[in-house]
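Content type mmCIF, C-alpha atoms and all ligand atoms, from the file work21.cif:
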data_upload
#
loop_
_atom_site.label_atom_id
_atom_site.label_comp_id
_atom_site.auth_asym_id
_atom_site.auth_seq_id
_atom_site.Cartn_x
_atom_site.Cartn_y
_atom_site.Cartn_z
CA MET A 280 20.73 -95.17 34.92
CA SER A 281 20.56 -97.76 37.63
CA ARG A 282 24.22 -98.37 37.01
CA ARG A 283 25.07 -94.73 37.55
CA SER A 284 23.02 -94.50 40.76
CA GLY A 285 24.65 -97.71 41.85
CA ASN A 286 28.06 -96.10 41.28
CA MET A 287 26.95 -93.00 43.19
CA LYS A 288 25.82 -95.16 46.10
CA ARG A 289 29.14 -96.95 46.03
CA VAL A 290 31.09 -93.69 46.05
CA LEU A 291 28.95 -92.27 48.87
CA SER A 292 29.21 -95.45 50.96
CA ARG A 293 32.98 -95.36 50.45
CA LEU A 294 33.15 -91.68 51.49
CA PHE A 295 30.71 -91.85 54.38
CA LYS A 296 31.54 -95.18 55.99
CA GLU A 297 30.31 -95.59 59.53
CA ARG A 298 32.92 -93.96 61.67
CA GLN A 299 33.66 -93.83 65.34
CA ILE A 300 35.46 -90.87 66.85
CA TYR A 301 37.37 -91.67 70.00
CA HIS A 302 38.58 -89.34 72.57
CA ARG A 303 40.02 -89.79 76.01
CA SER A 304 39.51 -87.56 78.99
CA ASP A 305 40.51 -88.31 82.61
CA GLY A 306 41.60 -91.75 81.55
CA VAL A 307 38.18 -92.69 80.27
CA VAL A 308 37.76 -93.42 76.59
CA HIS A 309 34.61 -92.23 74.93
CA PHE A 310 33.48 -92.69 71.44
CA ILE A 311 30.87 -91.25 69.25
CA SER A 312 29.50 -93.33 66.47
CA MET A 313 28.48 -91.50 63.29
CA SER A 314 26.31 -93.13 60.70
CA ALA A 315 26.76 -92.41 56.97
CA LYS A 316 23.48 -90.43 56.99
CA THR A 317 24.68 -88.23 59.81
CA GLN A 318 27.93 -87.68 57.95
CA VAL A 319 26.03 -86.65 54.76
CA ALA A 320 23.84 -84.24 56.73
CA LEU A 321 26.85 -82.81 58.44
CA ALA A 322 28.67 -82.48 55.14
CA ILE A 323 25.68 -80.62 53.65
CA VAL A 324 25.53 -78.27 56.62
CA VAL A 325 29.25 -77.63 56.39
CA LEU A 326 29.06 -77.11 52.64
CA ALA A 327 26.14 -74.69 53.02
CA ALA A 328 28.04 -72.80 55.67
CA LEU A 329 31.09 -72.63 53.42
CA LEU A 330 28.99 -71.40 50.48
CA TRP A 331 27.38 -68.72 52.61
CA VAL A 332 30.77 -67.60 53.86
CA ALA A 333 32.03 -67.53 50.27
CA TYR A 334 29.01 -65.52 49.05
CA SER A 335 29.32 -63.07 51.93
CA SER A 336 33.01 -62.67 51.31
CA VAL A 337 32.45 -62.07 47.59
CA ASN A 338 29.70 -59.58 48.44
CA VAL A 339 31.91 -57.75 50.85
CA VAL A 340 34.93 -57.82 48.59
CA PHE A 341 33.01 -56.75 45.43
CA LYS A 342 30.59 -54.36 47.15
CA GLU A 343 32.37 -51.32 45.74
CA GLN A 344 32.37 -52.73 42.24
CA ILE A 345 28.69 -53.55 42.48
CA ILE A 346 27.84 -50.06 43.65
CA VAL A 347 29.94 -48.55 40.88
CA ALA A 348 28.24 -50.79 38.31
CA LYS A 349 24.81 -49.86 39.59
CA GLU A 350 25.75 -46.18 39.59
CA ARG A 351 27.01 -46.52 36.05
CA GLU A 352 23.74 -48.12 35.02
CA ARG A 353 21.81 -45.29 36.68
CA LEU A 354 23.96 -42.70 34.95
CA VAL A 355 23.42 -44.33 31.54
CA MET A 356 19.69 -44.31 32.15
CA GLN A 357 19.77 -40.72 33.28
CA THR A 358 21.83 -39.68 30.26
CA ASN A 359 19.40 -41.43 27.95
CA LEU A 360 16.50 -39.73 29.60
CA SER A 361 18.01 -36.27 29.45
CA LYS A 362 19.00 -36.92 25.84
CA ARG A 363 15.40 -37.71 25.05
CA LEU A 364 14.24 -34.71 27.00
CA HIS A 365 16.70 -32.56 25.10
CA GLU A 366 15.45 -33.96 21.80
CA ALA A 367 11.88 -33.21 22.77
CA GLN A 368 12.88 -29.68 23.80
CA LYS A 369 14.67 -29.20 20.51
CA ALA A 370 11.67 -30.45 18.55
CA TYR A 371 9.50 -28.06 20.52
CA ASP A 372 11.95 -25.21 19.89
CA ASP A 373 12.04 -26.04 16.20
CA VAL A 374 8.28 -25.95 15.97
CA ASN A 375 8.26 -22.75 17.95
CA TYR A 376 10.93 -21.24 15.76
CA LEU A 377 9.03 -22.20 12.63
CA ASN A 378 5.88 -20.74 14.08
CA ASN A 379 7.68 -17.55 14.95
CA THR A 380 9.36 -17.40 11.56
CA ILE A 381 6.08 -17.92 9.75
CA GLU A 382 4.35 -15.46 12.02
CA ARG A 383 7.08 -12.86 11.62
CA GLN A 384 7.10 -13.33 7.86
CA PHE A 385 3.34 -13.11 7.81
CA ASP A 386 3.44 -9.91 9.87
CA GLU A 387 6.10 -8.40 7.62
CA THR A 388 4.15 -9.33 4.52
CA MET A 389 0.98 -7.90 5.98
CA ASP A 390 2.80 -4.72 6.96
CA ASP A 391 4.07 -4.37 3.40
CA ILE A 392 0.63 -4.93 1.97
CA TRP A 393 -0.95 -2.49 4.41
CA SER A 394 1.60 0.24 3.86
CA ARG A 395 1.08 -0.05 0.12
CA HIS A 396 -2.66 -0.14 0.63
CA ARG A 397 -2.54 3.06 2.68
CA MET A 398 -0.51 4.81 -0.01
CA LEU A 399 -2.90 3.63 -2.68
CA ALA A 400 -5.97 4.56 -0.67
CA ASN A 401 -4.52 8.00 -0.03
CA MET A 402 -3.89 8.57 -3.72
CA VAL A 403 -7.25 7.22 -4.80
CA GLU A 404 -8.90 9.45 -2.20
CA ARG A 405 -6.97 12.54 -3.29
CA LYS A 406 -7.80 11.87 -6.90
CA ALA A 407 -11.47 11.36 -6.04
CA GLU A 408 -11.51 14.75 -4.28
CA ILE A 409 -9.93 16.42 -7.30
CA ASP A 410 -12.42 14.70 -9.58
CA GLN A 411 -15.31 15.86 -7.44
CA THR A 412 -14.19 19.50 -7.55
CA LEU A 413 -13.60 19.29 -11.28
CA ASN A 414 -16.95 17.65 -11.86
CA SER A 415 -18.88 20.29 -9.98
CA GLN A 416 -17.03 23.03 -11.86
CA ALA A 417 -17.60 21.18 -15.11
CA GLU A 418 -21.32 20.82 -14.43
CA ALA A 419 -21.67 24.52 -13.64
CA LEU A 420 -19.73 25.51 -16.75
CA SER A 421 -21.67 23.07 -18.85
CA ALA A 422 -24.99 24.44 -17.56
CA ALA A 423 -23.91 27.98 -18.52
CA GLY A 424 -23.06 26.83 -22.03
CA GLY A 425 -21.00 28.53 -24.74
CA PRO A 426 -20.86 32.23 -25.66
CA ASN A 427 -24.44 32.11 -26.91
CA GLY A 428 -25.54 29.68 -24.24
CA GLN A 429 -25.22 26.70 -26.57
CA LYS A 430 -24.74 23.35 -24.90
CA PRO A 431 -22.01 20.92 -25.84
CA SER A 432 -23.20 18.60 -28.59
CA ASN A 433 -22.26 15.45 -26.71
CA GLY A 434 -24.79 15.65 -23.87
CA ASN A 435 -23.16 17.87 -21.33
CA ARG A 436 -19.78 16.25 -21.70
CA VAL A 437 -17.24 16.96 -24.35
CA MET A 438 -14.08 14.97 -24.38
CA VAL A 439 -10.99 16.86 -25.21
CA ASP A 440 -9.02 15.15 -27.91
CA VAL A 441 -5.67 14.39 -26.41
CA ILE A 442 -2.88 13.04 -28.49
CA PRO A 443 -1.95 10.00 -26.48
CA GLY A 444 1.40 10.61 -24.87
CA GLU A 445 1.63 6.93 -24.17
CA PRO A 446 2.52 4.95 -27.26
CA THR A 447 2.49 1.62 -25.46
CA PRO A 448 -0.92 -0.06 -25.74
CA ARG A 449 -2.58 -0.77 -22.43
CA GLN A 450 -2.36 -4.50 -22.89
CA SER A 451 1.40 -4.58 -23.32
CA ARG A 452 1.77 -2.05 -20.53
CA MET A 453 -0.04 -4.42 -18.20
CA SER A 454 2.04 -7.36 -19.35
CA VAL A 455 5.20 -5.37 -18.70
CA LEU A 456 3.97 -4.62 -15.20
CA ARG A 457 3.04 -8.25 -14.67
CA LYS A 458 6.49 -9.42 -15.73
CA GLU A 459 8.21 -6.88 -13.56
CA ALA A 460 6.13 -7.68 -10.51
CA ALA A 461 6.77 -11.40 -11.04
CA ALA A 462 10.50 -10.79 -11.43
CA GLU A 463 10.50 -8.78 -8.26
CA ALA A 464 8.50 -11.42 -6.39
CA SER A 465 11.00 -14.10 -7.44
CA ILE A 466 13.78 -12.10 -5.81
CA ARG A 467 11.89 -12.08 -2.56
CA LYS A 468 12.80 -15.44 -1.03
CA PRO A 469 11.90 -16.76 2.42
CA VAL A 470 14.40 -15.51 4.96
CA ALA A 471 15.27 -18.94 6.34
CA GLU A 472 15.59 -22.18 4.44
CA GLU A 473 12.70 -24.14 5.81
CA ASP A 474 11.52 -27.59 4.97
CA GLY A 475 8.24 -29.42 4.58
CA LEU A 476 5.13 -27.76 5.91
CA ALA A 477 6.81 -24.51 6.86
CA ALA A 478 8.27 -24.05 3.39
CA GLU A 479 4.91 -24.89 1.89
CA SER A 480 2.96 -22.42 4.00
CA ILE A 481 5.57 -19.72 3.48
CA GLU A 482 5.44 -20.36 -0.24
CA MET A 483 1.66 -20.11 -0.26
CA MET A 484 1.81 -16.87 1.66
CA GLU A 485 4.48 -15.49 -0.65
CA LYS A 486 2.39 -16.38 -3.65
CA ALA A 487 -0.71 -14.68 -2.25
CA ALA A 488 1.40 -11.65 -1.37
CA ALA A 489 2.89 -11.59 -4.86
CA ASP A 490 -0.59 -11.72 -6.40
CA LEU A 491 -1.70 -8.87 -4.18
CA TYR A 492 1.45 -6.95 -5.00
CA LEU A 493 0.68 -7.26 -8.70
CA GLU A 494 -2.89 -6.10 -8.12
CA GLN A 495 -1.61 -3.09 -6.21
CA MET A 496 0.87 -2.31 -8.96
CA LEU A 497 -1.90 -2.49 -11.56
CA LEU A 498 -4.16 -0.25 -9.49
CA LEU A 499 -1.32 2.20 -9.04
CA ALA A 500 -0.62 2.12 -12.76
CA SER A 501 -4.25 2.79 -13.52
CA VAL A 502 -4.38 5.73 -11.08
CA GLU A 503 -1.23 7.12 -12.66
CA GLU A 504 -2.54 6.59 -16.16
CA LYS A 505 -5.83 8.33 -15.44
CA ALA A 506 -4.17 11.22 -13.62
CA THR A 507 -1.68 11.66 -16.46
CA GLN A 508 -4.51 11.65 -18.99
CA GLN A 509 -6.44 14.19 -16.92
CA ILE A 510 -3.44 16.49 -16.62
CA ALA A 511 -3.02 16.37 -20.40
CA GLU A 512 -6.71 17.18 -20.91
CA LEU A 513 -6.75 19.99 -18.37
CA ARG A 514 -3.55 21.48 -19.77
CA GLN A 515 -5.12 21.40 -23.20
CA VAL A 516 -8.17 23.21 -21.83
CA ILE A 517 -5.89 25.88 -20.37
CA ASN A 518 -3.78 26.12 -23.53
CA SER A 519 -6.89 26.58 -25.66
CA THR A 520 -7.49 29.92 -23.90
CA GLY A 521 -4.24 31.20 -25.36
CA VAL A 522 -2.50 31.20 -21.97
CA SER A 523 0.20 28.56 -21.75
CA SER A 524 -0.53 26.00 -19.06
CA GLU A 525 3.20 25.80 -18.34
CA SER A 526 3.15 29.47 -17.34
CA LEU A 527 0.51 28.64 -14.70
CA VAL A 528 1.69 25.25 -13.49
CA THR A 529 5.19 23.94 -13.94
CA PRO A 530 5.06 20.32 -15.03
CA ALA A 531 6.21 17.97 -12.31
CA LYS A 532 9.79 16.85 -12.59
CA ILE A 533 9.83 13.10 -12.42
CA SER A 534 13.31 11.79 -11.99
CA ASN A 535 12.78 8.07 -12.21
CA VAL A 536 12.19 6.29 -15.46
CA VAL A 537 8.72 5.71 -16.75
CA LEU A 538 7.77 2.20 -15.87
CA ALA A 539 5.27 1.67 -18.64
CA GLN A 540 7.83 2.51 -21.26
CA GLY A 541 9.98 -0.33 -20.05
CA GLY A 542 12.78 1.63 -18.49
CA PRO A 543 15.74 -0.17 -16.96
CA PHE A 544 14.64 -2.53 -14.26
CA ILE A 545 15.86 -1.30 -10.90
CA GLU A 546 16.91 -4.25 -8.78
CA PRO A 547 14.94 -4.19 -5.56
CA ASN A 548 16.88 -4.48 -2.36
CA ALA A 549 16.93 -8.27 -2.14
CA MET A 550 18.34 -8.20 1.38
CA SER A 551 15.39 -6.45 2.90
CA GLY A 552 12.93 -8.07 0.51
CA GLU A 553 11.29 -4.68 0.16
CA PRO A 554 9.20 -4.28 -2.97
CA VAL A 555 11.06 -1.14 -3.99
CA ARG A 556 9.44 -0.87 -7.37
CA PHE A 557 6.04 -0.13 -5.89
CA TYR A 558 7.38 2.71 -3.78
CA GLN A 559 9.31 4.21 -6.68
CA HIS A 560 6.18 4.01 -8.76
CA ALA A 561 4.04 5.35 -5.92
CA ASN A 562 6.34 8.34 -5.45
CA ARG A 563 6.06 9.13 -9.10
CA THR A 564 2.28 8.76 -9.01
CA ALA A 565 2.10 11.01 -5.95
CA THR A 566 4.08 13.64 -7.86
CA ILE A 567 1.64 13.32 -10.75
CA ILE A 568 -1.32 13.73 -8.41
CA ASP A 569 0.37 16.83 -6.96
CA GLU A 570 0.58 18.21 -10.47
CA LEU A 571 -3.06 17.30 -11.13
CA GLU A 572 -4.01 19.12 -7.94
CA ASP A 573 -2.10 22.22 -9.08
CA VAL A 574 -3.65 22.12 -12.55
CA LYS A 575 -7.08 21.73 -10.97
CA LYS A 576 -6.44 24.77 -8.74
CA ALA A 577 -5.28 26.75 -11.76
CA ILE A 578 -8.41 25.79 -13.67
CA ARG A 579 -10.59 26.67 -10.71
CA HIS A 580 -9.17 30.17 -10.75
CA MET A 581 -9.69 30.69 -14.45
CA PRO A 582 -12.68 32.66 -15.71
CA LEU A 583 -14.07 29.96 -17.99
CA SER A 584 -17.75 30.91 -18.04
CA SER A 585 -20.01 33.58 -19.52
CA PRO A 586 -20.93 36.65 -17.44
CA LEU A 587 -24.57 35.83 -18.27
CA THR A 588 -26.09 32.43 -17.71
CA VAL A 589 -29.56 33.50 -18.94
CA THR A 590 -30.51 33.55 -22.60
CA ARG A 591 -28.25 36.11 -24.25
CA ARG A 592 -26.90 37.23 -27.56
CA PHE A 593 -23.24 37.56 -28.31
CA THR A 594 -23.10 41.01 -29.94
CA SER A 595 -19.52 42.10 -30.22
CA GLY A 596 -16.21 40.32 -30.37
CA PHE A 597 -12.70 41.03 -29.14
CA GLY A 598 -10.21 43.08 -31.15
CA VAL A 599 -10.37 45.87 -33.72
CA ARG A 600 -13.94 46.99 -34.55
CA ARG A 601 -15.92 49.99 -35.56
CA ASP A 602 -16.78 52.07 -32.51
CA PRO A 603 -20.59 51.98 -32.10
CA ILE A 604 -20.66 55.60 -30.87
CA ASN A 605 -18.21 57.59 -32.98
CA GLY A 606 -17.91 55.12 -35.88
CA ARG A 607 -14.13 55.10 -35.76
CA HIS A 608 -12.00 51.96 -35.72
CA SER A 609 -10.68 51.17 -32.29
CA SER A 610 -9.73 48.13 -30.29
CA HIS A 611 -12.39 46.40 -28.24
CA HIS A 612 -10.70 44.88 -25.18
CA GLY A 613 -13.64 42.71 -24.28
CA ILE A 614 -16.79 41.13 -25.63
CA ASP A 615 -20.41 42.24 -25.38
CA PHE A 616 -23.56 40.32 -24.59
CA ALA A 617 -27.14 41.58 -24.95
CA ALA A 618 -29.90 40.30 -22.69
CA PRO A 619 -33.05 41.67 -21.01
CA TRP A 620 -32.57 44.63 -18.63
CA ALA A 621 -31.60 43.64 -15.06
CA SER A 622 -30.61 40.10 -16.02
CA PRO A 623 -28.17 38.80 -13.37
CA VAL A 624 -24.52 39.32 -14.26
CA THR A 625 -22.46 36.57 -12.66
CA ALA A 626 -18.81 35.92 -11.87
CA THR A 627 -17.12 33.80 -14.52
CA GLY A 628 -14.89 32.11 -11.95
CA ALA A 629 -14.07 32.08 -8.22
CA GLY A 630 -12.16 35.12 -6.91
CA ILE A 631 -12.16 38.27 -4.81
CA VAL A 632 -13.91 41.53 -5.78
CA LYS A 633 -11.16 44.03 -6.49
CA PHE A 634 -13.34 46.99 -7.48
CA ALA A 635 -17.08 47.64 -7.32
CA GLY A 636 -18.33 51.09 -8.32
CA THR A 637 -18.63 53.62 -11.12
CA ARG A 638 -15.82 54.37 -13.49
CA SER A 639 -15.87 56.90 -16.31
CA GLY A 640 -16.96 55.31 -19.60
CA TRP A 641 -17.59 51.92 -17.90
CA GLY A 642 -20.58 53.00 -15.84
CA ARG A 643 -21.26 50.68 -12.95
CA MET A 644 -18.58 48.05 -13.07
CA VAL A 645 -17.09 45.23 -11.04
CA GLU A 646 -13.55 43.92 -11.22
CA ILE A 647 -12.71 40.45 -9.88
CA ASP A 648 -9.24 39.13 -9.12
CA HIS A 649 -9.13 35.37 -9.73
CA GLY A 650 -5.50 34.91 -8.77
CA ASN A 651 -2.77 33.47 -10.99
CA GLY A 652 -2.77 36.83 -12.84
CA PHE A 653 -6.40 36.61 -14.03
CA VAL A 654 -8.76 39.58 -13.62
CA THR A 655 -12.28 39.97 -15.09
CA ARG A 656 -14.35 43.12 -15.61
CA TYR A 657 -18.14 43.48 -15.92
CA ALA A 658 -19.33 46.91 -17.11
CA HIS A 659 -22.43 49.06 -17.95
CA MET A 660 -24.49 47.40 -15.19
CA SER A 661 -27.67 48.96 -13.80
CA ARG A 662 -26.95 47.71 -10.31
CA ILE A 663 -23.98 46.36 -8.37
CA SER A 664 -24.57 43.63 -5.77
CA VAL A 665 -21.04 43.05 -4.37
CA LYS A 666 -18.47 45.07 -2.42
CA ALA A 667 -14.72 45.30 -2.86
CA GLY A 668 -12.90 42.59 -0.88
CA GLN A 669 -15.84 40.20 -1.09
CA LYS A 670 -15.18 36.58 -2.03
CA VAL A 671 -17.20 35.26 -4.96
CA ASP A 672 -17.73 31.83 -6.46
CA LEU A 673 -18.28 30.77 -10.02
CA HIS A 674 -21.71 32.15 -11.05
CA SER A 675 -22.13 34.35 -7.94
CA LYS A 676 -24.27 37.36 -8.86
CA VAL A 677 -22.17 40.54 -9.06
CA GLY A 678 -24.82 42.90 -10.43
CA GLU A 679 -27.64 43.47 -12.94
CA LEU A 680 -27.42 44.15 -16.63
CA GLY A 681 -27.95 47.79 -17.67
CA SER A 682 -26.69 50.51 -19.96
CA SER A 683 -24.69 52.77 -17.67
CA GLY A 684 -21.58 54.59 -18.94
CA ARG A 685 -20.67 54.79 -22.60
CA SER A 686 -23.33 52.41 -23.88
CA THR A 687 -25.87 52.33 -26.71
CA GLY A 688 -28.29 49.82 -25.17
CA PRO A 689 -28.68 47.23 -22.41
CA HIS A 690 -25.66 44.95 -22.59
CA VAL A 691 -22.74 43.76 -20.51
CA HIS A 692 -19.19 44.51 -21.56
CA TYR A 693 -16.95 41.73 -20.29
CA GLU A 694 -13.14 41.67 -20.16
CA VAL A 695 -10.54 39.11 -19.16
CA LEU A 696 -7.05 40.29 -18.28
CA PHE A 697 -4.05 38.05 -17.84
CA LYS A 698 -1.13 39.78 -16.15
CA LYS A 699 -2.81 43.13 -16.87
CA ARG A 700 -3.11 42.49 -20.62
CA PRO A 701 -6.54 42.01 -22.18
CA VAL A 702 -7.05 38.54 -23.68
CA ASN A 703 -9.94 37.23 -25.74
CA PRO A 704 -12.70 36.20 -23.24
CA ARG A 705 -14.43 34.15 -25.91
CA ARG A 706 -11.58 31.66 -25.96
CA PHE A 707 -12.01 31.19 -22.21
CA ILE A 708 -15.72 30.58 -22.53
CA GLU A 709 -15.10 28.10 -25.34
CA ALA A 710 -12.47 26.38 -23.21
CA GLY A 711 -14.98 26.17 -20.36
CA ARG A 712 -17.31 24.16 -22.54
CA TYR A 713 -14.83 21.36 -22.52
CA VAL A 714 -16.01 19.23 -19.76
CA PHE A 715 -13.67 16.45 -19.00
CA GLU A 716 -14.25 12.95 -17.96
CA SER A 717 -12.23 11.61 -15.13
ZN ZN B 1 -17.83 46.16 -25.08
#

Here is a file; write its structure as C-alpha cells.
Amino acid sequence: MSRRSGNMKRVLSRLFKERQIYHRSDGVVHFISMSAKTQVALAIVVLAALLWVAYSSVNVVFKEQIIVAKERERLVMQTNLSKRLHEAQKAYDDVNYLNNTIERQFDETMDDIWSRHRMLANMVERKAEIDQTLNSQAEALSAAGGPNGQKPSNGNRVMVDVIPGEPTPRQSRMSVLRKEAAAEASIRKPVAEEDGLAAESIEMMEKAAADLYLEQMLLLASVEEKATQQIAELRQVINSTGVSSESLVTPAKISNVVLAQGGPFIEPNAMSGEPVRFYQHANRTATIIDELEDVKKAIRHMPLSSPLTVTRRFTSGFGVRRDPINGRHSSHHGIDFAAPWASPVTATGAGIVKFAGTRSGWGRMVEIDHGNGFVTRYAHMSRISVKAGQKVDLHSKVGELGSSGRSTGPHVHYEVLFKKRPVNPRRFIEAGRYVFES
C-alpha cells in the first residue's frame, strides 16, 4: 500500500516537476514559475474541460439516436397499454356477449313456454266451458229423470260404459311421453358453445325448460285424453237414441299420428330448437276439442228429456198398438204420459217453436224445431203458453196437460221426429238419463 502510493508520488513528481516558462517580449525575458501543485490543478481543470467537451459532443452527435430510443420506449409502453386496454375491452365484450346470449336464450325459452302455456290455457278454458254447459244440461236431465221420472241408480250420475279406444295403459303412455319429451329436449342444444359459468347457467335453464316442457306435454295429453273419452261417451249417448252420431257430427280428421300409440317420432326442427312435438300435439288436441264442442252442440239440440217433469205415468209406447178409440191396430208415432190435469208440459230440449195451435185430432199442440233435423210435438194440451217463432230452453213450459183432440183422458202425446220421420222418444229419454262425468 505504502509502496504503491510511494510509486504514485514518484510518477506524479516526475510528471509535474517544477517548471519555469520563459518568454521574451521587447527584449526583456520573463518567466513564470509553476509548482507541481499548480500543474496538477491545471491538469485537472484541463481534463474536466476536455471531458465536458467530449460529453457535449457525444450528446450533440447522438441526440437523434437518443430521441429515437426514447420515442421507441414510449411507443412500446403505449402499445403495451393499448394491448391491455384491448384485452380489458375484449373481456368486457365477452361478458357482455355471454350476458346477451344467456338473456336472449332465456327470453326465447320463456317465449316458448308462454306460447305453449297460452295454447294450453285456451284449451283448458274451452274444455271447462264445454263441461259447464254439459253439466248444467246433465243436471236438468237428471232432475227430470227417466220415462217414469225414475232417477239414475248411481246418485244423479250414470257413467256410460265406453269400450276404451286406447289400449295403451296410462302409465306406459306417460312413460312414452316422458321419453319423447326427453329425446326432444336433448336435441335442443345451446346455440353457442359456451364455457364455464355460462354453459352451466344455460344448462340449468335448459333443464328447467325441459322439465316444464314435459309437464306441459303431460297436461296436454291429459286434456286430449279426457276430451277423447268425453267424445266417445257423448257419441254413445247419441247413438243410443238410434240416431247415428256420425250423421250429426262428422268425426274430426286427424292427420298426424297418435302420439300415445307410439307413432313414428317426428324429428323436431333442430335448427330452430322449436319443440315441434308440442305444437303438433296441440293442433291435434285443438281439433279434438273442436269435435267435442260440435258433439256438445248436437247434444244440446237433442230432445233428451220427458215432456213432463212432474210425477207421471208412462201409459203408451211407440209403435204398433191397439187404437184406444176404435180398437183397431195402428201405429203410434209417439208415446203417452198421464199426469194430473193442467200439469206443466215442458220442452224436452232447446229450440224454436215451429207451430202452436189447434190441429185436427191433436187438439192443442206445440211443435218445436231443435235443429239438426230434430222436431218434437206435444199434443192434447188444455192450454198453450208459447207462440210460433219463440225460442225455448230445455224444460221451458210450452203448455198445460189436457185432453183436447182425439183423446180418452188427460194425457200428453209426445213425438220426436228426426228428418221428418218419427223415432222412438223413449230411447231419447233413456239416453238423457246418462249423465256423463267430465
Ligand atoms: Zn199418443

*Looking at A:Gly613, A:Val403, A:Ser584, A:Ala488, which one is nearest to A:Tyr713, with distances taken over only C-alpha atoms?*
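Looking at the shortest contact to A:Tyr713, the residue is A:Ser584.
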
*Give the residue list for ligand ZN 1 (chain B) at 10 Å, counting all atoms listed in the file, as a list in words, sorted by chain and then by residue number.*
Thr594, Ser595, Gly596, Phe597, Asp602, Pro603, Ser610, His611, His612, Gly613, Ile614, Asp615, Phe616, Trp641, Tyr657, Ala658, His659, Arg685, Ser686, His690, Val691, His692, Tyr693 and Glu694 of chain A

How would the residues just picked look written out with C-alpha atoms as an mmCIF file, in the coordinates of the input?
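Written out: result_15.cif:
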data_model
loop_
_atom_site.group_PDB
_atom_site.id
_atom_site.type_symbol
_atom_site.label_atom_id
_atom_site.label_comp_id
_atom_site.auth_asym_id
_atom_site.auth_seq_id
_atom_site.Cartn_x
_atom_site.Cartn_y
_atom_site.Cartn_z
ATOM 1 C CA THR A 594 -23.100 41.010 -29.940
ATOM 2 C CA SER A 595 -19.520 42.100 -30.220
ATOM 3 C CA GLY A 596 -16.210 40.320 -30.370
ATOM 4 C CA PHE A 597 -12.700 41.030 -29.140
ATOM 5 C CA ASP A 602 -16.780 52.070 -32.510
ATOM 6 C CA PRO A 603 -20.590 51.980 -32.100
ATOM 7 C CA SER A 610 -9.730 48.130 -30.290
ATOM 8 C CA HIS A 611 -12.390 46.400 -28.240
ATOM 9 C CA HIS A 612 -10.700 44.880 -25.180
ATOM 10 C CA GLY A 613 -13.640 42.710 -24.280
ATOM 11 C CA ILE A 614 -16.790 41.130 -25.630
ATOM 12 C CA ASP A 615 -20.410 42.240 -25.380
ATOM 13 C CA PHE A 616 -23.560 40.320 -24.590
ATOM 14 C CA TRP A 641 -17.590 51.920 -17.900
ATOM 15 C CA TYR A 657 -18.140 43.480 -15.920
ATOM 16 C CA ALA A 658 -19.330 46.910 -17.110
ATOM 17 C CA HIS A 659 -22.430 49.060 -17.950
ATOM 18 C CA ARG A 685 -20.670 54.790 -22.600
ATOM 19 C CA SER A 686 -23.330 52.410 -23.880
ATOM 20 C CA HIS A 690 -25.660 44.950 -22.590
ATOM 21 C CA VAL A 691 -22.740 43.760 -20.510
ATOM 22 C CA HIS A 692 -19.190 44.510 -21.560
ATOM 23 C CA TYR A 693 -16.950 41.730 -20.290
ATOM 24 C CA GLU A 694 -13.140 41.670 -20.160
#

Please provide the set of residues having any atom within 10 Å of stretch 619-630 of chain A, restricted to all atoms listed in the file, with same-chain residues fewer than 5 positions apart removed, written as a tab-separated table (two decimals) with C-alpha atoms, in the frame of the given file.
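The resulting file, around.tsv, is reproduced below:
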chain	number	residue	atom	x	y	z
A	416	GLN	CA	-17.03	23.03	-11.86
A	420	LEU	CA	-19.73	25.51	-16.75
A	423	ALA	CA	-23.91	27.98	-18.52
A	578	ILE	CA	-8.41	25.79	-13.67
A	579	ARG	CA	-10.59	26.67	-10.71
A	580	HIS	CA	-9.17	30.17	-10.75
A	581	MET	CA	-9.69	30.69	-14.45
A	582	PRO	CA	-12.68	32.66	-15.71
A	583	LEU	CA	-14.07	29.96	-17.99
A	584	SER	CA	-17.75	30.91	-18.04
A	585	SER	CA	-20.01	33.58	-19.52
A	586	PRO	CA	-20.93	36.65	-17.44
A	587	LEU	CA	-24.57	35.83	-18.27
A	588	THR	CA	-26.09	32.43	-17.71
A	589	VAL	CA	-29.56	33.50	-18.94
A	590	THR	CA	-30.51	33.55	-22.60
A	591	ARG	CA	-28.25	36.11	-24.25
A	645	VAL	CA	-17.09	45.23	-11.04
A	646	GLU	CA	-13.55	43.92	-11.22
A	647	ILE	CA	-12.71	40.45	-9.88
A	648	ASP	CA	-9.24	39.13	-9.12
A	649	HIS	CA	-9.13	35.37	-9.73
A	650	GLY	CA	-5.50	34.91	-8.77
A	653	PHE	CA	-6.40	36.61	-14.03
A	654	VAL	CA	-8.76	39.58	-13.62
A	655	THR	CA	-12.28	39.97	-15.09
A	656	ARG	CA	-14.35	43.12	-15.61
A	657	TYR	CA	-18.14	43.48	-15.92
A	658	ALA	CA	-19.33	46.91	-17.11
A	660	MET	CA	-24.49	47.40	-15.19
A	661	SER	CA	-27.67	48.96	-13.80
A	662	ARG	CA	-26.95	47.71	-10.31
A	663	ILE	CA	-23.98	46.36	-8.37
A	664	SER	CA	-24.57	43.63	-5.77
A	668	GLY	CA	-12.90	42.59	-0.88
A	669	GLN	CA	-15.84	40.20	-1.09
A	670	LYS	CA	-15.18	36.58	-2.03
A	671	VAL	CA	-17.20	35.26	-4.96
A	672	ASP	CA	-17.73	31.83	-6.46
A	673	LEU	CA	-18.28	30.77	-10.02
A	674	HIS	CA	-21.71	32.15	-11.05
A	675	SER	CA	-22.13	34.35	-7.94
A	676	LYS	CA	-24.27	37.36	-8.86
A	677	VAL	CA	-22.17	40.54	-9.06
A	678	GLY	CA	-24.82	42.90	-10.43
A	679	GLU	CA	-27.64	43.47	-12.94
A	680	LEU	CA	-27.42	44.15	-16.63
A	681	GLY	CA	-27.95	47.79	-17.67
A	682	SER	CA	-26.69	50.51	-19.96
A	688	GLY	CA	-28.29	49.82	-25.17
A	689	PRO	CA	-28.68	47.23	-22.41
A	690	HIS	CA	-25.66	44.95	-22.59
A	691	VAL	CA	-22.74	43.76	-20.51
A	693	TYR	CA	-16.95	41.73	-20.29
A	695	VAL	CA	-10.54	39.11	-19.16
A	707	PHE	CA	-12.01	31.19	-22.21
A	708	ILE	CA	-15.72	30.58	-22.53
A	711	GLY	CA	-14.98	26.17	-20.36

Wanna dump the stretch 313-349 of chain A-stretch 298-308 of chain A contacts at 12 Å for me, each residue with its shortest atom pair and the distance in Å to one decimal, counting all atoms listed in the file, ordered by chain and number, as CSV?
residue,atom,partner,partner_atom,distance
A:Met313,CA,A:Arg298,CA,5.3
A:Ser314,CA,A:Arg298,CA,6.7
A:Ala315,CA,A:Arg298,CA,7.9
A:Lys316,CA,A:Arg298,CA,11.1
A:Thr317,CA,A:Arg298,CA,10.2
A:Gln318,CA,A:Arg298,CA,8.8
